[in-house]
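**Student:** One file is attached below, upload_2.csv, containing CSV, C-alpha atoms.
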```csv
chain,number,residue,atom,x,y,z
Z,1,MET,CA,-155.1,-65.6,-220.0
Z,2,PRO,CA,-154.4,-61.9,-219.9
Z,3,ILE,CA,-155.2,-60.0,-216.7
Z,4,GLN,CA,-158.2,-57.8,-217.3
Z,5,THR,CA,-158.5,-55.7,-214.1
Z,6,ILE,CA,-155.7,-54.3,-212.0
Z,7,GLY,CA,-156.0,-52.4,-208.8
Z,8,LEU,CA,-153.3,-49.7,-208.5
Z,9,THR,CA,-152.6,-48.2,-205.1
Z,10,GLY,CA,-149.8,-46.6,-203.1
Z,11,GLY,CA,-149.3,-44.0,-200.4
Z,12,ILE,CA,-149.2,-40.3,-200.9
Z,13,GLY,CA,-146.0,-39.4,-202.8
Z,14,SER,CA,-145.3,-43.0,-203.9
Z,15,GLY,CA,-145.5,-42.2,-207.6
Z,16,LYS,CA,-148.8,-44.1,-208.1
Z,17,SER,CA,-150.2,-41.6,-210.6
Z,18,THR,CA,-147.0,-41.7,-212.6
Z,19,VAL,CA,-147.3,-45.5,-212.9
Z,20,GLY,CA,-150.9,-45.2,-213.8
Z,21,GLN,CA,-150.0,-42.9,-216.7
Z,22,MET,CA,-147.3,-45.4,-217.8
Z,23,LEU,CA,-150.0,-48.2,-217.9
Z,24,VAL,CA,-152.2,-46.0,-220.0
Z,25,ASP,CA,-149.3,-45.4,-222.4
Z,26,LEU,CA,-149.0,-49.2,-222.7
Z,27,GLY,CA,-152.7,-49.6,-223.6
Z,28,ALA,CA,-154.7,-49.7,-220.3
Z,29,HIS,CA,-157.9,-48.0,-219.6
Z,30,LEU,CA,-157.5,-46.0,-216.4
Z,31,VAL,CA,-160.3,-45.4,-213.8
Z,32,ASP,CA,-159.0,-42.7,-211.5
Z,33,THR,CA,-161.1,-42.8,-208.4
Z,34,ASP,CA,-159.4,-39.7,-206.9
Z,35,ALA,CA,-160.4,-37.7,-210.0
Z,36,ILE,CA,-164.0,-39.1,-209.6
Z,37,SER,CA,-164.0,-38.0,-206.0
Z,38,ARG,CA,-162.8,-34.5,-206.9
Z,39,ALA,CA,-165.6,-34.2,-209.6
Z,40,LEU,CA,-168.2,-35.3,-207.1
Z,41,THR,CA,-167.1,-32.6,-204.7
Z,42,ALA,CA,-166.6,-29.8,-207.3
Z,43,PRO,CA,-169.2,-27.1,-207.9
Z,44,GLY,CA,-172.3,-28.8,-209.1
Z,45,GLY,CA,-170.9,-32.2,-208.1
Z,46,HIS,CA,-173.4,-35.0,-207.2
Z,47,ALA,CA,-172.1,-35.1,-203.6
Z,48,ILE,CA,-172.4,-31.4,-202.8
Z,49,GLU,CA,-175.9,-31.3,-201.5
Z,50,ALA,CA,-175.4,-34.4,-199.3
Z,51,ILE,CA,-172.2,-32.9,-197.9
Z,52,ARG,CA,-174.0,-29.6,-197.2
Z,53,HIS,CA,-176.8,-31.5,-195.4
Z,54,ALA,CA,-174.4,-33.7,-193.4
Z,55,PHE,CA,-171.8,-31.1,-192.4
Z,56,GLY,CA,-173.4,-27.7,-192.8
Z,57,PRO,CA,-173.0,-24.8,-195.3
Z,58,GLU,CA,-169.6,-23.9,-193.9
Z,59,MET,CA,-168.1,-26.9,-195.6
Z,60,ILE,CA,-169.1,-25.5,-199.0
Z,61,ASP,CA,-166.8,-22.8,-200.3
Z,62,ALA,CA,-167.8,-19.6,-202.2
Z,63,GLN,CA,-167.5,-21.4,-205.6
Z,64,GLY,CA,-169.9,-24.2,-204.5
Z,65,ALA,CA,-167.3,-26.9,-204.0
Z,66,MET,CA,-166.5,-28.8,-200.9
Z,67,ASP,CA,-163.9,-26.9,-198.8
Z,68,ARG,CA,-161.2,-29.6,-199.0
Z,69,ALA,CA,-158.8,-27.9,-196.6
Z,70,ARG,CA,-161.6,-27.4,-194.0
Z,71,MET,CA,-162.9,-31.0,-194.5
Z,72,ARG,CA,-159.3,-32.4,-194.2
Z,73,THR,CA,-158.8,-30.5,-190.8
Z,74,LEU,CA,-162.2,-31.8,-189.5
Z,75,ALA,CA,-161.5,-35.4,-190.7
Z,76,PHE,CA,-158.2,-35.5,-189.0
Z,77,SER,CA,-159.6,-34.2,-185.7
Z,78,ASP,CA,-162.8,-36.2,-185.8
Z,79,PRO,CA,-162.7,-39.8,-187.2
Z,80,THR,CA,-166.6,-39.9,-187.3
Z,81,ALA,CA,-166.5,-37.0,-189.7
Z,82,LEU,CA,-164.3,-39.0,-192.1
Z,83,ALA,CA,-166.7,-42.0,-191.8
Z,84,ARG,CA,-169.7,-39.8,-192.6
Z,85,LEU,CA,-168.0,-38.4,-195.6
Z,86,GLU,CA,-167.0,-41.8,-196.8
Z,87,THR,CA,-170.6,-43.0,-196.4
Z,88,ILE,CA,-171.6,-40.2,-198.8
Z,89,LEU,CA,-168.8,-40.6,-201.3
Z,90,HIS,CA,-168.0,-44.3,-201.6
Z,91,PRO,CA,-171.3,-45.4,-203.2
Z,92,LEU,CA,-171.1,-42.5,-205.6
Z,93,ILE,CA,-167.5,-43.3,-206.5
Z,94,GLY,CA,-168.3,-47.0,-207.0
Z,95,HIS,CA,-171.2,-46.1,-209.3
Z,96,GLN,CA,-169.0,-43.7,-211.3
Z,97,ALA,CA,-166.1,-46.1,-211.4
Z,98,LYS,CA,-168.3,-48.8,-212.9
Z,99,ALA,CA,-169.5,-46.4,-215.6
Z,100,HIS,CA,-165.9,-45.3,-216.4
Z,101,ALA,CA,-164.7,-48.9,-216.6
Z,102,ALA,CA,-167.5,-49.6,-219.1
Z,103,ARG,CA,-165.9,-47.2,-221.6
Z,104,ALA,CA,-162.9,-49.5,-222.0
Z,105,ALA,CA,-162.5,-51.2,-225.4
Z,106,THR,CA,-163.3,-54.9,-225.7
Z,107,GLY,CA,-160.4,-56.8,-224.2
Z,108,GLN,CA,-158.6,-53.6,-223.0
Z,109,PRO,CA,-157.2,-54.1,-219.4
Z,110,VAL,CA,-158.8,-51.8,-216.9
Z,111,VAL,CA,-156.7,-50.2,-214.1
Z,112,TYR,CA,-158.5,-48.9,-211.1
Z,113,ASP,CA,-156.4,-46.2,-209.4
Z,114,VAL,CA,-157.6,-46.3,-205.8
Z,115,PRO,CA,-155.4,-44.5,-203.2
Z,116,LEU,CA,-157.2,-46.2,-200.2
Z,117,MET,CA,-157.6,-49.6,-201.8
Z,118,VAL,CA,-156.0,-51.5,-198.9
Z,119,GLU,CA,-158.0,-49.4,-196.3
Z,120,SER,CA,-161.3,-50.3,-198.0
Z,121,GLY,CA,-161.0,-54.0,-197.2
Z,122,ARG,CA,-162.8,-56.3,-199.7
Z,123,ARG,CA,-164.6,-53.5,-201.5
Z,124,TRP,CA,-162.0,-53.2,-204.2
Z,125,ARG,CA,-160.1,-56.5,-203.7
Z,126,ASP,CA,-163.1,-58.3,-205.0
Z,127,LYS,CA,-163.3,-56.2,-208.2
Z,128,VAL,CA,-159.8,-56.8,-209.5
Z,129,ASP,CA,-157.6,-59.7,-210.7
Z,130,ARG,CA,-154.4,-58.3,-209.2
Z,131,ILE,CA,-153.3,-55.5,-206.9
Z,132,LEU,CA,-150.2,-53.5,-207.8
Z,133,VAL,CA,-148.7,-51.5,-205.0
Z,134,VAL,CA,-146.3,-48.6,-205.8
Z,135,ASP,CA,-144.0,-48.5,-202.8
Z,136,ALA,CA,-141.5,-46.0,-201.4
Z,137,LEU,CA,-139.8,-45.1,-198.1
Z,138,PRO,CA,-141.9,-42.8,-195.9
Z,139,GLU,CA,-139.1,-40.1,-196.0
Z,140,THR,CA,-139.1,-40.3,-199.8
Z,141,GLN,CA,-142.9,-39.8,-199.8
Z,142,ILE,CA,-142.6,-36.8,-197.5
Z,143,GLN,CA,-139.9,-35.1,-199.6
Z,144,ARG,CA,-141.8,-35.6,-202.8
Z,145,VAL,CA,-145.0,-34.2,-201.5
Z,146,MET,CA,-143.2,-31.2,-200.0
Z,147,ALA,CA,-141.6,-30.5,-203.3
Z,148,ARG,CA,-144.8,-31.1,-205.3
Z,149,SER,CA,-147.5,-29.5,-203.2
Z,150,GLY,CA,-145.6,-27.2,-200.8
Z,151,TRP,CA,-147.2,-28.9,-197.8
Z,152,GLU,CA,-145.5,-28.7,-194.4
Z,153,ARG,CA,-144.0,-31.9,-193.0
Z,154,PRO,CA,-146.5,-32.2,-190.2
Z,155,ALA,CA,-149.5,-32.1,-192.6
Z,156,ILE,CA,-147.9,-34.9,-194.7
Z,157,GLU,CA,-147.1,-37.0,-191.7
Z,158,ALA,CA,-150.7,-36.6,-190.6
Z,159,VAL,CA,-151.9,-38.0,-193.9
Z,160,LEU,CA,-149.4,-40.9,-193.7
Z,161,ALA,CA,-150.6,-41.7,-190.2
Z,162,LYS,CA,-154.2,-42.0,-191.5
Z,163,GLN,CA,-153.2,-44.3,-194.4
Z,164,ALA,CA,-152.4,-48.0,-194.3
Z,165,SER,CA,-148.9,-48.7,-193.2
Z,166,ARG,CA,-146.3,-49.6,-195.7
Z,167,GLU,CA,-146.3,-53.1,-194.3
Z,168,GLN,CA,-150.1,-53.5,-194.6
Z,169,ARG,CA,-150.0,-52.2,-198.2
Z,170,ARG,CA,-147.2,-54.6,-199.2
Z,171,ALA,CA,-148.9,-57.5,-197.6
Z,172,ALA,CA,-152.0,-56.9,-199.7
Z,173,ALA,CA,-150.1,-56.7,-202.9
Z,174,ASP,CA,-149.9,-59.2,-205.7
Z,175,HIS,CA,-147.1,-57.1,-207.3
Z,176,ILE,CA,-144.9,-54.4,-205.8
Z,177,ILE,CA,-142.9,-51.7,-207.6
Z,178,LEU,CA,-140.3,-50.1,-205.4
Z,179,ASN,CA,-140.2,-46.5,-206.7
Z,180,ASP,CA,-137.3,-45.4,-204.6
Z,181,GLY,CA,-133.8,-44.4,-205.6
Z,182,ILE,CA,-134.5,-45.3,-209.3
Z,183,THR,CA,-134.7,-43.3,-212.5
Z,184,LEU,CA,-137.9,-42.7,-214.4
Z,185,GLN,CA,-136.5,-45.0,-217.1
Z,186,GLN,CA,-136.0,-47.8,-214.5
Z,187,LEU,CA,-139.6,-47.3,-213.3
Z,188,GLN,CA,-140.9,-47.6,-216.8
Z,189,GLN,CA,-138.9,-50.8,-217.3
Z,190,GLN,CA,-140.6,-52.3,-214.2
Z,191,VAL,CA,-144.0,-51.3,-215.4
Z,192,ARG,CA,-143.4,-52.7,-218.9
Z,193,GLU,CA,-142.2,-56.0,-217.4
Z,194,LEU,CA,-145.4,-56.3,-215.4
Z,195,TRP,CA,-147.5,-55.3,-218.4
Z,196,ASP,CA,-145.9,-58.1,-220.4
Z,197,LEU,CA,-146.4,-60.6,-217.6
Z,198,TRP,CA,-150.1,-59.6,-217.3
Z,199,ASN,CA,-150.6,-59.9,-221.1
Z,200,ASN,CA,-148.6,-63.1,-221.5
Z,201,HIS,CA,-146.0,-61.5,-223.7
Z,202,PRO,CA,-142.7,-63.4,-223.9
```
Render the structure in this file as structure tokens.

**Tutor:**
Amino acid sequence: MPIQTIGLTGGIGSGKSTVGQMLVDLGAHLVDTDAISRALTAPGGHAIEAIRHAFGPEMIDAQGAMDRARMRTLAFSDPTALARLETILHPLIGHQAKAHAARAATGQPVVYDVPLMVESGRRWRDKVDRILVVDALPETQIQRVMARSGWERPAIEAVLAKQASREQRRAAADHIILNDGITLQQLQQQVRELWDLWNNHP
């Protein structure tokens, strides 16, 4: 029987979003929880008033969005701040993700792209048939993010330190794609082989 729900995760700079798009190209319906989170914290987003109430007006920028840089700094220095933010966002993300998944066509596999899937414990594990981890060496992740976003190395290392370890993520996986030292075409081949496996293609 074809797999209907896939949890897609991977550390920052692993190539998870690239794999997600490849799965869409093969016919999957993508639920991007990071995009949902950004919409919730954008100007007019459903989480803005709760964030203003919990953290004060200084966490809302001049455009009316959550000040992501300021919140990131606070969350890294104060673990309770991150927990408070997650308490606000996680129920909203879950509700929106369910609504997004409902837009899939009948029989269309749904891919939940969740950066912190492993860190969230059973919350997402219980919603999906399989977990796909996109894996890469930490140094590869750092170099990719530096090239893509212009972040300094210490900022990226701080994010990596807050995320699940590579070993924890691999241990939680049903399938692993090692996206390190390979071409885009080789990555596509790995994704297609998994897609065929999930859909019982010969």

**Student:** Figure out the distance between atom CA of Gln163 of chain Z and atom CA of Ile12 of chain Z, please, to one decimal in Å.

**Tutor:** 8.6 Å

**Student:** Between Z:Trp124, Z:Gly181, Z:Leu89, Z:Asp196, which one has atoms that come closest to Glu49 of chain Z, using all atoms listed in the file?

**Tutor:**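 Smallest distance to Glu49 of chain Z is found for Z:Leu89.
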
**Student:** Write out as a list in words each polymer residue whose atoms come within 7 Å of segment 3-6 of chain Z, counting all atoms listed in the file; drop sequence neighbours fewer than 6 positions from it.

**Tutor:**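 Listed by chain and then number, they are Pro109, Val110, Val111, Tyr112, Val128, Asp129, Arg130, Ile131, Leu132, Trp198 and Asn199 of chain Z.
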
**Student:** Using all atoms listed in the file, give me every residue within 12 Å of (-168.7, -21.5, -207.4) in file coordinates, as a PyMOL selection string.

**Tutor:** chain Z and resi 41-45+48+60-67

**Student:** Which one of Z:Arg122, Z:Arg38, Z:His29, Z:Arg192 sits closest to Ala172 of chain Z if you count all atoms listed in the file?

**Tutor:** Z:Arg122

**Student:** Using all atoms listed in the file, which residues sit within 12 Å of Ala155 of chain Z once same-chain residues fewer than 2 positions away are excluded, as a list in words?

**Tutor:** Ile12, Ala69, Arg72, Thr73, Phe76, Ile142, Val145, Met146, Ser149, Gly150, Trp151, Glu152, Arg153, Glu157, Ala158, Val159, Leu160, Ala161 and Lys162 of chain Z

**Student:** Could all heavy atoms be built for segment 179-190 of chain Z and written out as a CSV table (one decimal), keeping the file's coordinate frame?

**Tutor:**
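What ended up in part27.csv:
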```csv
chain,number,residue,atom,x,y,z
Z,179,ASN,N,-140.5,-47.8,-206.0
Z,179,ASN,CA,-140.2,-46.5,-206.7
Z,179,ASN,C,-139.4,-45.7,-205.7
Z,179,ASN,O,-139.9,-44.6,-205.3
Z,179,ASN,CB,-141.5,-45.9,-207.1
Z,179,ASN,CG,-141.2,-44.6,-207.9
Z,179,ASN,OD1,-140.1,-44.4,-208.5
Z,179,ASN,ND2,-142.2,-43.6,-207.9
Z,180,ASP,N,-138.2,-46.1,-205.5
Z,180,ASP,CA,-137.3,-45.4,-204.6
Z,180,ASP,C,-135.9,-45.5,-205.0
Z,180,ASP,O,-135.4,-46.6,-205.2
Z,180,ASP,CB,-137.5,-45.9,-203.1
Z,180,ASP,CG,-137.2,-44.9,-202.1
Z,180,ASP,OD1,-136.2,-44.2,-202.1
Z,180,ASP,OD2,-138.1,-44.7,-201.2
Z,181,GLY,N,-135.2,-44.4,-205.2
Z,181,GLY,CA,-133.8,-44.4,-205.6
Z,181,GLY,C,-133.6,-45.0,-207.0
Z,181,GLY,O,-132.5,-45.5,-207.3
Z,182,ILE,N,-134.6,-44.8,-207.9
Z,182,ILE,CA,-134.5,-45.3,-209.3
Z,182,ILE,C,-134.8,-44.1,-210.2
Z,182,ILE,O,-135.4,-43.2,-209.8
Z,182,ILE,CB,-135.3,-46.5,-209.6
Z,182,ILE,CG1,-136.8,-46.2,-209.4
Z,182,ILE,CG2,-135.0,-47.7,-208.7
Z,182,ILE,CD1,-137.8,-47.3,-209.9
Z,183,THR,N,-134.4,-44.3,-211.5
Z,183,THR,CA,-134.7,-43.3,-212.5
Z,183,THR,C,-136.1,-43.5,-213.1
Z,183,THR,O,-136.7,-44.6,-212.9
Z,183,THR,CB,-133.7,-43.3,-213.6
Z,183,THR,OG1,-133.8,-44.6,-214.3
Z,183,THR,CG2,-132.3,-43.2,-213.1
Z,184,LEU,N,-136.6,-42.5,-213.8
Z,184,LEU,CA,-137.9,-42.7,-214.4
Z,184,LEU,C,-137.8,-43.8,-215.5
Z,184,LEU,O,-138.8,-44.6,-215.6
Z,184,LEU,CB,-138.3,-41.4,-215.1
Z,184,LEU,CG,-139.7,-41.2,-215.6
Z,184,LEU,CD1,-140.7,-41.3,-214.4
Z,184,LEU,CD2,-139.9,-39.9,-216.3
Z,185,GLN,N,-136.7,-44.0,-216.1
Z,185,GLN,CA,-136.5,-45.0,-217.1
Z,185,GLN,C,-136.6,-46.4,-216.4
Z,185,GLN,O,-137.2,-47.4,-217.0
Z,185,GLN,CB,-135.2,-44.9,-217.9
Z,185,GLN,CG,-135.2,-43.7,-218.8
Z,185,GLN,CD,-135.1,-42.3,-218.1
Z,185,GLN,OE1,-134.6,-42.2,-217.0
Z,185,GLN,NE2,-135.6,-41.3,-218.8
Z,186,GLN,N,-136.0,-46.5,-215.3
Z,186,GLN,CA,-136.0,-47.8,-214.5
Z,186,GLN,C,-137.4,-48.1,-214.1
Z,186,GLN,O,-137.8,-49.3,-214.1
Z,186,GLN,CB,-135.0,-47.7,-213.4
Z,186,GLN,CG,-133.6,-47.8,-213.8
Z,186,GLN,CD,-132.6,-47.5,-212.6
Z,186,GLN,OE1,-132.9,-46.6,-211.8
Z,186,GLN,NE2,-131.5,-48.2,-212.6
Z,187,LEU,N,-138.2,-47.1,-213.7
Z,187,LEU,CA,-139.6,-47.3,-213.3
Z,187,LEU,C,-140.4,-47.8,-214.5
Z,187,LEU,O,-141.2,-48.7,-214.4
Z,187,LEU,CB,-140.1,-46.0,-212.7
Z,187,LEU,CG,-141.6,-46.0,-212.3
Z,187,LEU,CD1,-141.8,-47.0,-211.2
Z,187,LEU,CD2,-142.1,-44.6,-211.9
Z,188,GLN,N,-140.1,-47.1,-215.6
Z,188,GLN,CA,-140.9,-47.6,-216.8
Z,188,GLN,C,-140.6,-49.0,-217.2
Z,188,GLN,O,-141.4,-49.8,-217.6
Z,188,GLN,CB,-140.4,-46.7,-218.0
Z,188,GLN,CG,-141.1,-45.3,-218.0
Z,188,GLN,CD,-140.6,-44.4,-219.1
Z,188,GLN,OE1,-139.4,-44.4,-219.4
Z,188,GLN,NE2,-141.5,-43.7,-219.7
Z,189,GLN,N,-139.3,-49.4,-217.0
Z,189,GLN,CA,-138.9,-50.8,-217.3
Z,189,GLN,C,-139.7,-51.8,-216.4
Z,189,GLN,O,-140.2,-52.8,-216.8
Z,189,GLN,CB,-137.4,-51.0,-217.1
Z,189,GLN,CG,-136.9,-52.4,-217.4
Z,189,GLN,CD,-137.2,-52.8,-218.8
Z,189,GLN,OE1,-137.2,-52.0,-219.7
Z,189,GLN,NE2,-137.3,-54.1,-219.0
Z,190,GLN,N,-139.8,-51.4,-215.1
Z,190,GLN,CA,-140.6,-52.3,-214.2
Z,190,GLN,C,-142.0,-52.4,-214.6
Z,190,GLN,O,-142.6,-53.5,-214.6
Z,190,GLN,CB,-140.5,-51.8,-212.8
Z,190,GLN,CG,-139.1,-51.9,-212.1
Z,190,GLN,CD,-139.2,-51.6,-210.6
Z,190,GLN,OE1,-139.8,-52.3,-209.8
Z,190,GLN,NE2,-138.6,-50.4,-210.2
```
